[in-house]
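K.L.:
I am sharing my_file00.cif, which consists of mmCIF, C-alpha atoms (C1' of nucleotides):
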data_coords
loop_
_atom_site.label_atom_id
_atom_site.label_comp_id
_atom_site.auth_asym_id
_atom_site.auth_seq_id
_atom_site.Cartn_x
_atom_site.Cartn_y
_atom_site.Cartn_z
CA MET A 1 -25.25 1.64 47.27
CA ASN A 2 -23.15 -1.41 47.31
CA LYS A 3 -19.93 -1.24 45.49
CA LEU A 4 -19.37 -3.08 42.29
CA PRO A 5 -16.60 -5.63 42.01
CA LYS A 6 -13.56 -4.21 40.32
CA ILE A 7 -11.91 -5.49 37.23
CA LEU A 8 -8.72 -4.32 35.64
CA VAL A 9 -8.30 -4.22 31.89
CA ILE A 10 -4.96 -4.05 30.14
CA ALA A 11 -5.15 -3.28 26.47
CA GLY A 12 -2.79 -2.06 23.79
CA PRO A 13 -1.52 -3.07 20.39
CA THR A 14 0.48 -6.18 19.78
CA ALA A 15 4.03 -6.12 21.13
CA SER A 16 3.31 -3.21 23.41
CA GLY A 17 4.08 -5.21 26.52
CA LYS A 18 0.61 -5.96 27.83
CA SER A 19 1.29 -9.43 29.09
CA THR A 20 4.32 -8.43 31.08
CA LEU A 21 2.52 -5.54 32.67
CA ALA A 22 -0.47 -7.70 33.47
CA ILE A 23 1.73 -10.20 35.24
CA GLN A 24 3.49 -7.47 37.19
CA LEU A 25 0.20 -6.06 38.33
CA ALA A 26 -1.18 -9.48 39.11
CA GLN A 27 1.81 -10.10 41.33
CA LYS A 28 1.51 -6.76 43.02
CA PHE A 29 -2.24 -6.77 43.54
CA ASP A 30 -2.89 -10.46 43.84
CA GLY A 31 -4.70 -11.00 40.60
CA GLU A 32 -5.56 -13.60 38.04
CA ILE A 33 -5.37 -12.92 34.36
CA ILE A 34 -8.05 -13.53 31.80
CA SER A 35 -6.48 -13.47 28.39
CA ALA A 36 -8.66 -11.78 25.79
CA ASP A 37 -6.87 -13.00 22.75
CA SER A 38 -8.66 -14.73 19.94
CA ARG A 39 -5.65 -16.85 19.05
CA GLN A 40 -4.07 -17.66 22.38
CA ILE A 41 -7.12 -19.69 23.27
CA TYR A 42 -5.74 -22.35 20.96
CA ARG A 43 -3.54 -25.12 22.16
CA GLY A 44 -0.36 -25.59 20.21
CA MET A 45 -0.35 -22.06 18.93
CA ASP A 46 2.29 -20.68 21.21
CA LEU A 47 5.20 -18.95 19.55
CA GLY A 48 3.06 -17.46 16.82
CA THR A 49 0.62 -15.97 19.29
CA GLY A 50 3.20 -14.80 21.77
CA LYS A 51 1.86 -16.63 24.76
CA VAL A 52 3.58 -15.95 28.03
CA GLU A 53 5.80 -18.84 28.81
CA ARG A 54 4.18 -21.48 30.87
CA ASP A 55 5.79 -22.30 34.19
CA SER A 56 7.36 -25.68 33.93
CA SER A 57 6.09 -28.07 36.55
CA SER A 58 8.48 -29.03 39.33
CA VAL A 59 8.98 -32.40 37.71
CA GLU A 60 10.40 -31.06 34.52
CA ARG A 61 12.29 -28.20 36.08
CA GLY A 62 15.43 -27.17 34.36
CA ALA A 63 13.84 -27.59 31.02
CA HIS A 64 15.09 -24.31 29.75
CA SER A 65 14.35 -25.20 26.19
CA MET A 66 11.49 -23.51 24.45
CA LYS A 67 10.01 -26.87 23.75
CA ARG A 68 6.34 -26.94 24.46
CA GLU A 69 3.97 -29.82 24.49
CA ALA A 70 2.21 -30.39 21.24
CA TRP A 71 -1.47 -29.86 21.59
CA SER A 72 -2.22 -33.27 20.28
CA VAL A 73 -0.38 -34.78 23.18
CA GLU A 74 -2.36 -33.05 25.86
CA HIS A 75 -5.57 -33.49 24.03
CA GLU A 76 -6.92 -36.55 25.69
CA SER A 77 -10.29 -35.59 27.07
CA THR A 78 -13.13 -36.14 24.65
CA PRO A 79 -15.55 -33.24 24.37
CA LYS A 80 -18.76 -33.54 26.29
CA SER A 81 -22.18 -32.70 24.98
CA ASN A 82 -22.30 -29.28 26.56
CA GLU A 83 -20.72 -27.00 24.04
CA LEU A 84 -18.97 -24.64 26.38
CA GLU A 85 -17.87 -27.41 28.69
CA ALA A 86 -16.55 -29.26 25.74
CA LYS A 87 -14.72 -26.23 24.52
CA SER A 88 -13.21 -25.18 27.78
CA TYR A 89 -10.44 -27.55 28.31
CA LYS A 90 -9.52 -28.39 31.84
CA LEU A 91 -5.88 -28.71 32.45
CA LYS A 92 -4.61 -31.29 34.84
CA ASN A 93 -3.41 -28.77 37.35
CA GLY A 94 -6.40 -26.58 36.71
CA SER A 95 -4.84 -23.64 35.01
CA TYR A 96 -2.18 -22.10 32.88
CA LEU A 97 0.47 -20.64 35.13
CA SER A 98 3.06 -18.13 34.10
CA ALA A 99 5.40 -16.48 36.56
CA GLY A 100 3.22 -17.96 39.20
CA ILE A 101 0.18 -16.15 37.96
CA VAL A 102 -2.98 -17.95 36.90
CA HIS A 103 -3.97 -17.28 33.30
CA HIS A 104 -7.40 -18.08 32.00
CA GLY A 105 -8.33 -18.12 28.37
CA ILE A 106 -5.12 -19.70 27.19
CA ASP A 107 -5.00 -23.18 25.71
CA ILE A 108 -8.66 -23.82 26.12
CA ILE A 109 -9.54 -25.36 22.79
CA ASN A 110 -7.97 -27.12 19.87
CA PRO A 111 -7.15 -25.23 16.71
CA ASP A 112 -9.73 -27.06 14.65
CA GLN A 113 -12.56 -25.72 16.77
CA ASP A 114 -14.18 -22.32 16.77
CA PHE A 115 -14.42 -19.99 19.68
CA ASN A 116 -16.03 -16.63 19.10
CA VAL A 117 -16.84 -13.47 21.02
CA ALA A 118 -20.01 -14.91 22.43
CA ASP A 119 -18.14 -17.96 23.64
CA PHE A 120 -15.53 -15.74 25.17
CA LYS A 121 -18.09 -13.61 26.91
CA LYS A 122 -19.70 -16.64 28.46
CA TYR A 123 -16.34 -18.02 29.43
CA ALA A 124 -15.10 -14.80 30.98
CA LEU A 125 -18.35 -14.13 32.79
CA GLU A 126 -17.97 -17.55 34.29
CA LYS A 127 -14.39 -17.02 35.35
CA ILE A 128 -14.78 -13.56 36.84
CA PRO A 129 -17.04 -14.56 39.75
CA GLU A 130 -14.75 -17.48 40.46
CA ILE A 131 -11.76 -15.20 40.65
CA LEU A 132 -13.60 -12.73 42.83
CA GLN A 133 -14.64 -15.50 45.11
CA ARG A 134 -10.99 -16.30 45.63
CA LYS A 135 -10.59 -12.66 46.63
CA LYS A 136 -8.39 -12.03 43.66
CA LEU A 137 -8.35 -9.19 41.22
CA PRO A 138 -9.53 -10.17 37.75
CA ILE A 139 -7.25 -8.73 35.09
CA ILE A 140 -8.46 -8.90 31.54
CA CYS A 141 -5.51 -8.57 29.24
CA GLY A 142 -5.39 -8.97 25.52
CA GLY A 143 -5.29 -7.56 22.08
CA THR A 144 -8.71 -8.54 20.86
CA GLY A 145 -10.57 -5.32 21.44
CA PHE A 146 -13.92 -6.68 20.46
CA TRP A 147 -13.69 -9.43 23.01
CA ILE A 148 -12.77 -7.00 25.74
CA GLN A 149 -15.62 -4.75 24.79
CA ALA A 150 -18.01 -7.66 25.01
CA ILE A 151 -17.19 -7.73 28.71
CA THR A 152 -16.73 -4.09 29.57
CA ASP A 153 -19.85 -2.99 27.70
CA ASN A 154 -21.69 -6.21 28.37
CA LEU A 155 -22.58 -6.53 24.71
CA ASP A 156 -25.71 -8.38 23.79
CA PHE A 157 -25.42 -10.69 20.86
CA PRO A 158 -28.38 -11.98 18.91
CA GLN A 159 -29.14 -15.50 20.02
CA VAL A 160 -28.15 -17.00 16.72
CA LYS A 161 -25.39 -19.51 16.62
CA PRO A 162 -23.14 -19.82 13.60
CA ASP A 163 -24.64 -22.05 10.94
CA LEU A 164 -21.66 -23.43 9.10
CA ASP A 165 -23.69 -24.95 6.28
CA LEU A 166 -25.55 -21.76 5.66
CA ARG A 167 -22.34 -19.78 5.73
CA LYS A 168 -20.77 -22.11 3.25
CA ASN A 169 -23.68 -21.68 0.92
CA LEU A 170 -23.80 -17.94 1.22
CA ASP A 171 -20.09 -17.75 0.72
CA ARG A 172 -20.56 -18.96 -2.84
CA LYS A 173 -22.38 -15.76 -3.71
CA ASN A 174 -20.70 -12.44 -4.23
CA THR A 175 -21.20 -9.38 -2.09
CA ARG A 176 -23.55 -7.78 -4.61
CA GLN A 177 -25.91 -10.70 -4.43
CA LEU A 178 -25.67 -10.97 -0.68
CA PHE A 179 -26.29 -7.30 -0.24
CA ALA A 180 -29.30 -7.39 -2.54
CA GLN A 181 -30.65 -10.29 -0.57
CA LEU A 182 -30.22 -8.47 2.71
CA GLN A 183 -31.84 -5.34 1.32
CA LYS A 184 -34.92 -7.35 0.55
CA ILE A 185 -35.12 -9.06 3.91
CA ASP A 186 -33.89 -6.39 6.29
CA PRO A 187 -33.55 -2.97 4.68
CA GLN A 188 -32.67 -1.41 8.00
CA ARG A 189 -29.64 -3.57 8.53
CA ALA A 190 -28.75 -3.24 4.87
CA ALA A 191 -28.68 0.51 5.17
CA ALA A 192 -26.14 0.41 7.92
CA ILE A 193 -24.01 -2.50 6.85
CA ASP A 194 -20.77 -2.39 4.93
CA SER A 195 -22.09 -3.68 1.62
CA LYS A 196 -18.74 -5.03 0.52
CA ASN A 197 -17.95 -6.92 3.66
CA LYS A 198 -18.85 -10.51 3.06
CA VAL A 199 -18.31 -11.65 6.60
CA ARG A 200 -20.78 -9.09 7.91
CA LEU A 201 -23.29 -9.75 5.16
CA ILE A 202 -23.25 -13.45 5.81
CA ARG A 203 -23.73 -13.01 9.52
CA ALA A 204 -26.59 -10.58 8.96
CA LEU A 205 -28.33 -13.04 6.67
CA GLU A 206 -27.68 -15.80 9.13
CA ILE A 207 -29.47 -13.82 11.81
CA CYS A 208 -32.28 -12.95 9.42
CA GLN A 209 -32.87 -16.57 8.65
CA LYS A 210 -33.43 -17.26 12.30
CA LEU A 211 -35.03 -14.09 13.57
CA GLY A 212 -36.46 -12.49 10.47
CA LYS A 213 -34.28 -9.45 10.87
CA VAL A 214 -31.23 -8.24 12.69
CA PRO A 215 -32.13 -6.81 16.07
CA ARG A 216 -30.80 -3.35 16.75
CA PRO A 217 -28.12 -3.43 19.40
CA GLU A 218 -29.61 -1.91 22.49
CA ASN A 219 -28.07 1.08 24.11
CA ASN A 220 -25.77 -0.31 26.71
CA LYS A 221 -25.91 2.92 28.68
CA LEU A 222 -29.30 1.84 29.91
CA LYS A 223 -28.07 -1.43 31.21
CA THR A 224 -27.18 -1.86 34.81
CA LYS A 225 -23.54 -2.51 35.29
CA SER A 226 -22.29 -5.39 37.30
CA TYR A 227 -18.63 -4.49 37.38
CA GLU A 228 -16.45 -1.48 37.61
CA PHE A 229 -13.56 -1.35 35.22
CA LEU A 230 -10.26 0.40 35.11
CA GLN A 231 -9.10 0.26 31.53
CA LEU A 232 -5.47 0.90 30.80
CA ALA A 233 -3.70 0.83 27.48
CA LEU A 234 -0.02 0.94 26.78
CA ASP A 235 0.83 3.90 24.63
CA VAL A 236 3.91 3.00 22.63
CA PRO A 237 5.25 5.37 19.96
CA LYS A 238 4.87 4.04 16.47
CA GLU A 239 8.56 3.77 15.77
CA VAL A 240 9.28 1.99 19.00
CA LEU A 241 6.49 -0.44 18.36
CA ARG A 242 7.91 -1.18 14.92
CA GLU A 243 11.24 -2.06 16.40
CA LYS A 244 9.68 -4.24 19.03
CA ILE A 245 7.66 -6.05 16.44
CA GLN A 246 10.67 -6.75 14.29
CA LYS A 247 12.74 -7.89 17.22
CA ARG A 248 10.04 -10.14 18.55
CA LEU A 249 9.49 -11.62 15.12
CA ASP A 250 13.14 -12.50 14.78
CA GLU A 251 13.07 -14.16 18.17
CA ARG A 252 10.05 -16.20 17.28
CA PHE A 253 11.75 -17.54 14.21
CA GLU A 254 14.79 -18.46 16.24
CA GLN A 255 12.63 -20.24 18.76
CA GLY A 256 11.16 -22.48 16.11
CA MET A 257 7.96 -20.87 15.02
CA LEU A 258 8.20 -22.49 11.63
CA GLN A 259 8.36 -25.90 13.23
CA GLU A 260 5.35 -25.03 15.32
CA VAL A 261 3.26 -24.37 12.24
CA GLN A 262 4.59 -27.50 10.62
CA ASN A 263 3.62 -29.48 13.70
CA LEU A 264 0.15 -28.05 13.71
CA HIS A 265 -0.33 -29.10 10.14
CA GLN A 266 1.02 -32.54 10.81
CA SER A 267 -1.36 -33.00 13.68
CA GLY A 268 -4.22 -32.48 11.31
CA ILE A 269 -4.83 -28.77 10.98
CA SER A 270 -5.41 -27.95 7.34
CA TRP A 271 -3.39 -25.32 5.58
CA GLN A 272 -6.58 -23.48 4.89
CA ARG A 273 -7.41 -23.40 8.56
CA LEU A 274 -3.93 -22.22 9.43
CA GLU A 275 -4.12 -19.49 6.85
CA SER A 276 -7.39 -18.32 8.30
CA PHE A 277 -5.69 -17.54 11.59
CA GLY A 278 -3.80 -14.72 9.93
CA LEU A 279 -0.40 -13.23 10.57
CA GLU A 280 2.31 -15.78 11.37
CA TYR A 281 0.05 -18.75 10.80
CA ARG A 282 -1.12 -17.52 7.45
CA ARG A 283 2.24 -16.45 6.15
CA LEU A 284 4.16 -19.45 7.43
CA ALA A 285 1.53 -21.78 6.05
CA GLU A 286 1.85 -20.11 2.68
CA PHE A 287 5.59 -20.47 2.82
CA LEU A 288 5.45 -24.11 3.86
CA GLN A 289 3.17 -24.78 0.92
CA ASP A 290 5.62 -23.04 -1.38
CA LYS A 291 3.14 -20.37 -2.25
CA ILE A 292 5.63 -17.64 -1.41
CA SER A 293 9.37 -17.42 -1.01
CA GLU A 294 11.01 -17.16 2.35
CA SER A 295 12.05 -13.55 1.93
CA LYS A 296 8.61 -12.61 0.66
CA MET A 297 7.08 -14.34 3.63
CA GLN A 298 9.27 -12.52 6.11
CA GLU A 299 8.55 -9.22 4.48
CA LYS A 300 4.82 -9.72 4.23
CA LEU A 301 4.58 -10.99 7.76
CA PHE A 302 6.33 -7.99 9.18
CA PHE A 303 3.98 -5.60 7.45
CA ASP A 304 0.97 -7.73 8.34
CA ILE A 305 1.80 -7.30 11.98
CA ILE A 306 2.34 -3.58 11.57
CA HIS A 307 -1.04 -3.29 9.90
CA TYR A 308 -2.60 -5.40 12.59
CA ALA A 309 -1.22 -3.11 15.27
CA LYS A 310 -2.64 -0.19 13.36
CA ARG A 311 -6.08 -1.78 13.28
CA GLN A 312 -5.89 -2.42 16.98
CA MET A 313 -5.06 1.21 17.59
CA THR A 314 -7.98 2.35 15.48
CA TRP A 315 -10.22 0.19 17.58
CA LEU A 316 -8.78 1.26 20.90
CA LYS A 317 -8.77 4.94 20.07
CA LYS A 318 -12.52 5.14 20.04
CA ASN A 319 -12.88 3.74 23.51
CA PRO A 320 -13.37 6.83 25.68
CA ASP A 321 -12.85 4.90 28.89
CA LEU A 322 -9.33 3.88 28.08
CA ILE A 323 -6.53 5.52 29.97
CA TRP A 324 -3.40 5.63 27.87
CA ILE A 325 -0.17 5.24 29.74
CA PRO A 326 3.16 5.92 28.04
CA ASP A 327 5.07 4.33 30.88
CA PRO A 328 4.04 0.95 32.35
CA ASN A 329 5.25 2.13 35.74
CA GLU A 330 2.38 4.56 35.89
CA ALA A 331 -0.04 1.69 35.99
CA GLU A 332 0.64 0.77 39.57
CA LYS A 333 -0.46 4.09 40.98
CA LEU A 334 -3.59 4.11 38.91
CA VAL A 335 -4.54 0.62 39.98
CA GLU A 336 -3.85 1.44 43.59
CA LYS A 337 -6.19 4.38 43.43
CA PHE A 338 -8.78 2.35 41.59
CA LEU A 339 -8.78 -0.29 44.27
CA GLU A 340 -8.82 2.15 47.17
CA ASP A 341 -12.39 3.23 47.50
"C1'" G B 1 36.50 3.37 -27.45
"C1'" G B 2 32.21 0.67 -30.29
"C1'" G B 3 27.34 -1.48 -29.84
"C1'" U B 4 22.92 -2.14 -27.17
"C1'" A B 5 18.97 -1.66 -23.42
"C1'" G B 6 17.31 1.64 -20.18
"C1'" U B 7 16.38 6.40 -16.94
"C1'" U B 8 8.43 7.39 -14.97
"C1'" G B 9 5.55 9.70 -8.59
"C1'" G B 10 8.82 6.90 -1.54
"C1'" C B 11 9.90 1.80 -4.03
"C1'" G B 12 8.62 -1.84 -7.91
"C1'" G B 13 6.47 -1.36 -12.48
"C1'" A B 14 2.62 0.03 -16.77
"C1'" G B 15 2.07 3.64 -20.35
"C1'" U B 16 4.84 4.84 -26.45
"C1'" G B 17 1.48 11.72 -29.89
"C1'" G B 18 -4.17 13.96 -27.33
"C1'" U B 19 -9.40 10.74 -23.33
"C1'" C B 20 -2.27 11.12 -18.46
"C1'" A B 21 -1.48 13.91 -12.54
"C1'" A B 22 -0.10 9.33 -15.33
"C1'" U B 23 -3.18 1.57 -14.92
"C1'" C B 24 -1.43 -1.53 -11.11
"C1'" G B 25 1.28 -3.64 -6.84
"C1'" C B 26 4.02 -2.37 -2.32
"C1'" A B 27 4.93 1.01 1.47
"C1'" G B 28 2.38 5.28 3.91
"C1'" C B 29 -2.18 7.78 5.98
"C1'" U B 30 -7.42 7.67 7.75
"C1'" G B 31 -11.36 4.84 9.06
"C1'" A B 32 -15.43 0.81 9.72
"C1'" C B 33 -16.59 -3.25 12.83
"C1'" U B 34 -22.51 -6.46 17.94
"C1'" G B 35 -21.29 -14.62 17.43
"C1'" U B 36 -14.91 -15.37 11.67
"C1'" A B 37 -12.22 -9.61 14.97
"C1'" A B 38 -4.49 -11.85 14.22
"C1'" A B 39 -10.47 -12.21 10.70
"C1'" U B 40 -13.22 -9.13 7.30
"C1'" C B 41 -13.96 -4.46 4.83
"C1'" A B 42 -13.75 0.94 3.05
"C1'" G B 43 -11.45 5.71 1.66
"C1'" C B 44 -7.05 8.84 0.71
"C1'" C B 45 -2.20 8.67 -1.32
"C1'" G B 46 2.23 15.29 -6.71
"C1'" A B 47 1.20 20.47 -4.76
"C1'" C B 48 -2.56 24.10 -3.65
"C1'" U B 49 -7.81 24.12 -3.12
"C1'" U B 50 -13.99 27.84 -1.40
"C1'" C B 51 -13.39 20.42 -3.56
"C1'" G B 52 -15.64 22.88 -8.82
"C1'" G B 53 -10.98 23.19 -10.04
"C1'" U B 54 -5.90 25.57 -10.48
"C1'" C B 55 -0.70 24.72 -10.90
"C1'" U B 56 4.20 22.16 -11.49
"C1'" U B 57 5.63 16.73 -13.02
"C1'" C B 58 7.58 11.27 -16.29
"C1'" G B 59 16.88 11.99 -15.96
"C1'" G B 60 18.92 17.51 -17.87
"C1'" G B 61 18.76 20.85 -22.05
"C1'" G B 62 17.05 21.98 -26.95
"C1'" G B 63 13.66 20.95 -30.98
"C1'" U B 64 9.21 18.94 -34.06
"C1'" U B 65 3.83 19.49 -33.33
"C1'" C B 66 -2.34 22.80 -32.47
"C1'" G B 67 -0.76 19.19 -28.65
"C1'" A B 68 4.73 15.00 -26.05
"C1'" A B 69 5.92 10.82 -20.50
"C1'" U B 70 5.30 9.19 -25.59
"C1'" C B 71 8.80 11.67 -31.94
"C1'" C B 72 13.94 14.03 -33.16
"C1'" C B 73 18.85 16.07 -31.42
"C1'" U B 74 22.14 16.46 -27.54
"C1'" C B 75 24.22 15.92 -22.58
"C1'" A B 76 24.39 13.00 -18.08
"C1'" C B 77 23.91 8.50 -15.59
"C1'" U B 78 22.97 2.98 -15.20
"C1'" G B 79 22.89 -2.27 -16.99
"C1'" C B 80 24.57 -5.82 -20.65
"C1'" C B 81 27.71 -7.13 -24.91
"C1'" C B 82 32.25 -6.32 -27.96
"C1'" A B 83 37.17 -4.08 -27.32
#
Take the structure in this file and express it as structure tokens.
P.N.:
Amino acid sequence: MNKLPKILVIAGPTASGKSTLAIQLAQKFDGEIISADSRQIYRGMDLGTGKVERDSSSVERGAHSMKREAWSVEHESTPKSNELEAKSYKLKNGSYLSAGIVHHGIDIINPDQDFNVADFKKYALEKIPEILQRKKLPIICGGTGFWIQAITDNLDFPQVKPDLDLRKNLDRKNTRQLFAQLQKIDPQRAAAIDSKNKVRLIRALEICQKLGKVPRPENNKLKTKSYEFLQLALDVPKEVLREKIQKRLDERFEQGMLQEVQNLHQSGISWQRLESFGLEYRRLAEFLQDKISESKMQEKLFFDIIHYAKRQMTWLKKNPDLIWIPDPNEAEKLVEKFLED
RNA sequence: GGGUAGUUGGCGGAGUGGUCAAUCGCAGCUGACUGUAAAUCAGCCGACUUCGGUCUUCGGGGGUUCGAAUCCCUCACUGCCCA
């Protein structure tokens, strides 16, 4: 039996220290990082998404300021016909470097474009062989559990692309109507679906329109695996995480997160779009529109992030392959062992 | 000292004789999730519970009433106004 290529996964809730650990391990084991973060893919969304700081090029060395290029400035290449090609933005120097480590999946599209799990899966499955070819260790690191699972479990998605017009139309109806509609078309899916969840209902109907009904996800246990994963997650006590979240939030404000959101809006991103990104982008957009007061915004945002971390934990907890490590220093040994045989 | 408004579950805040263990919001807890996943959505949230119920709550005490968070008396505390 030939051995499967190995991939390291670093998961954990927001503010748990994933990125730092990933970089440490990348340095130690000669790796490249694939960010699995549904918001860090966007250019110009830096402070609010907590991107690792990009290495400044030798030319602009000494630029200690947190100033980052506005996405509109670097956005000069016009999208090509190929959707994925168009979406995956090629940087001049080829990649996003932080602490000398190559990061994929950061700054790959503009905030007015969509990039979903299926896109990510394609993207990552393209990058992984490239990284392996360079004899480097692929490290998938990020907080978007679903995206990570798409890779680790090689999830199969129905071949139905989002139909924005259809979605817009369906969105006008309420969940009762949508559910009734789904019951008629695909009772099986209807029986299993969350009947109050509009997003799910709309997607189900979208698939039905194309395929007649929603295919049952196949059992991934039967699938042949192409990679071997070591999945680690940072286990940070709730109280500690709270403190880290608050501290990080304060820092982000100091670094000019508000300005970042303002800039995004000025470069053409609608408030509605910004709000749809959630967390900092939603709350700051609301504040900038005078929908909420500053103190309300700060308060809400803090709790939003706490809740988000909680949701992440709920997701992560049901992954039986995750190894929870209370201390980041434990990771090294585990990775070493993983890479041995 | 006089007047006045108030005191409700962790917080905010409804409720003004029975259908109130007490609307609702926040916080808290648990969970769902196959192309929006930082999104979207669900349940629990006084105590005990064999999940049908049982018990103790609405500042303290005393009353009225078949029955009070809701009415009366009184005490305490808080805010505002007049001294």
K.L.:
If you measure from atom CA of Ala150 of chain A to atom CA of Val117 of chain A, what distance in Å do you get, rounded to one decimal?
P.N.:
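Going from atom CA of Ala150 of chain A over to atom CA of Val117 of chain A covers 7.1 Å.
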K.L.:
Using the chain letters and numbers from the file, give me the residues hit by the PyMOL selection byres ((chain B and resi 24) around 10), as an MDAnalysis selection string.
P.N.:
chainID B and resid 13:14 23 25
K.L.:
So how many Å separate atom CA of Cys141 of chain A and atom CA of His307 of chain A, to one decimal?
P.N.:
20.5 Å
K.L.:
Could you spell out the hits of the PyMOL selection byres ((chain A) within 10 of (chain B)) on the shown file, as JSON, numbers by chain?
P.N.:
{"A": [14, 37, 38, 39, 48, 49, 114, 115, 116, 117, 118, 119, 120, 143, 144, 145, 146, 147, 149, 150, 155, 156, 157, 158, 159, 160, 161, 162, 193, 194, 195, 196, 197, 198, 199, 200, 203, 207, 215, 216, 217, 218, 276, 277, 278, 279, 280, 281, 282, 300, 303, 304, 305, 308, 309, 311, 312, 314, 315]}
K.L.:
Let me see the file: selected residues, C-alpha atoms, as a PDB file, in the frame of the given file.
P.N.:
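Output below, filename result.pdb:
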ATOM      1  CA  THR A  14       0.480  -6.180  19.780  1.00  0.00           C
ATOM      2  CA  ASP A  37      -6.870 -13.000  22.750  1.00  0.00           C
ATOM      3  CA  SER A  38      -8.660 -14.730  19.940  1.00  0.00           C
ATOM      4  CA  ARG A  39      -5.650 -16.850  19.050  1.00  0.00           C
ATOM      5  CA  GLY A  48       3.060 -17.460  16.820  1.00  0.00           C
ATOM      6  CA  THR A  49       0.620 -15.970  19.290  1.00  0.00           C
ATOM      7  CA  ASP A 114     -14.180 -22.320  16.770  1.00  0.00           C
ATOM      8  CA  PHE A 115     -14.420 -19.990  19.680  1.00  0.00           C
ATOM      9  CA  ASN A 116     -16.030 -16.630  19.100  1.00  0.00           C
ATOM     10  CA  VAL A 117     -16.840 -13.470  21.020  1.00  0.00           C
ATOM     11  CA  ALA A 118     -20.010 -14.910  22.430  1.00  0.00           C
ATOM     12  CA  ASP A 119     -18.140 -17.960  23.640  1.00  0.00           C
ATOM     13  CA  PHE A 120     -15.530 -15.740  25.170  1.00  0.00           C
ATOM     14  CA  GLY A 143      -5.290  -7.560  22.080  1.00  0.00           C
ATOM     15  CA  THR A 144      -8.710  -8.540  20.860  1.00  0.00           C
ATOM     16  CA  GLY A 145     -10.570  -5.320  21.440  1.00  0.00           C
ATOM     17  CA  PHE A 146     -13.920  -6.680  20.460  1.00  0.00           C
ATOM     18  CA  TRP A 147     -13.690  -9.430  23.010  1.00  0.00           C
ATOM     19  CA  GLN A 149     -15.620  -4.750  24.790  1.00  0.00           C
ATOM     20  CA  ALA A 150     -18.010  -7.660  25.010  1.00  0.00           C
ATOM     21  CA  LEU A 155     -22.580  -6.530  24.710  1.00  0.00           C
ATOM     22  CA  ASP A 156     -25.710  -8.380  23.790  1.00  0.00           C
ATOM     23  CA  PHE A 157     -25.420 -10.690  20.860  1.00  0.00           C
ATOM     24  CA  PRO A 158     -28.380 -11.980  18.910  1.00  0.00           C
ATOM     25  CA  GLN A 159     -29.140 -15.500  20.020  1.00  0.00           C
ATOM     26  CA  VAL A 160     -28.150 -17.000  16.720  1.00  0.00           C
ATOM     27  CA  LYS A 161     -25.390 -19.510  16.620  1.00  0.00           C
ATOM     28  CA  PRO A 162     -23.140 -19.820  13.600  1.00  0.00           C
ATOM     29  CA  ILE A 193     -24.010  -2.500   6.850  1.00  0.00           C
ATOM     30  CA  ASP A 194     -20.770  -2.390   4.930  1.00  0.00           C
ATOM     31  CA  SER A 195     -22.090  -3.680   1.620  1.00  0.00           C
ATOM     32  CA  LYS A 196     -18.740  -5.030   0.520  1.00  0.00           C
ATOM     33  CA  ASN A 197     -17.950  -6.920   3.660  1.00  0.00           C
ATOM     34  CA  LYS A 198     -18.850 -10.510   3.060  1.00  0.00           C
ATOM     35  CA  VAL A 199     -18.310 -11.650   6.600  1.00  0.00           C
ATOM     36  CA  ARG A 200     -20.780  -9.090   7.910  1.00  0.00           C
ATOM     37  CA  ARG A 203     -23.730 -13.010   9.520  1.00  0.00           C
ATOM     38  CA  ILE A 207     -29.470 -13.820  11.810  1.00  0.00           C
ATOM     39  CA  PRO A 215     -32.130  -6.810  16.070  1.00  0.00           C
ATOM     40  CA  ARG A 216     -30.800  -3.350  16.750  1.00  0.00           C
ATOM     41  CA  PRO A 217     -28.120  -3.430  19.400  1.00  0.00           C
ATOM     42  CA  GLU A 218     -29.610  -1.910  22.490  1.00  0.00           C
ATOM     43  CA  SER A 276      -7.390 -18.320   8.300  1.00  0.00           C
ATOM     44  CA  PHE A 277      -5.690 -17.540  11.590  1.00  0.00           C
ATOM     45  CA  GLY A 278      -3.800 -14.720   9.930  1.00  0.00           C
ATOM     46  CA  LEU A 279      -0.400 -13.230  10.570  1.00  0.00           C
ATOM     47  CA  GLU A 280       2.310 -15.780  11.370  1.00  0.00           C
ATOM     48  CA  TYR A 281       0.050 -18.750  10.800  1.00  0.00           C
ATOM     49  CA  ARG A 282      -1.120 -17.520   7.450  1.00  0.00           C
ATOM     50  CA  LYS A 300       4.820  -9.720   4.230  1.00  0.00           C
ATOM     51  CA  PHE A 303       3.980  -5.600   7.450  1.00  0.00           C
ATOM     52  CA  ASP A 304       0.970  -7.730   8.340  1.00  0.00           C
ATOM     53  CA  ILE A 305       1.800  -7.300  11.980  1.00  0.00           C
ATOM     54  CA  TYR A 308      -2.600  -5.400  12.590  1.00  0.00           C
ATOM     55  CA  ALA A 309      -1.220  -3.110  15.270  1.00  0.00           C
ATOM     56  CA  ARG A 311      -6.080  -1.780  13.280  1.00  0.00           C
ATOM     57  CA  GLN A 312      -5.890  -2.420  16.980  1.00  0.00           C
ATOM     58  CA  THR A 314      -7.980   2.350  15.480  1.00  0.00           C
ATOM     59  CA  TRP A 315     -10.220   0.190  17.580  1.00  0.00           C
TER      60      TRP A 315
END
K.L.:
List as a ChimeraX atom specification the protein and nucleic acid residues near C29 of chain B, meaning an atom at most 12 Å away when all atoms listed in the file are counted, but skip any in the same chain fewer than 6 places from it.
P.N.:
/A:307,310 /B:43-45
K.L.:
Go ahead and save the residues from that selection, with C-alpha atoms (C1' of nucleotides), as a tab-separated table (two decimals), in the frame of the given file.
P.N.:
chain	number	residue	atom	x	y	z
A	307	HIS	CA	-1.04	-3.29	9.90
A	310	LYS	CA	-2.64	-0.19	13.36
B	43	G	C1'	-11.45	5.71	1.66
B	44	C	C1'	-7.05	8.84	0.71
B	45	C	C1'	-2.20	8.67	-1.32
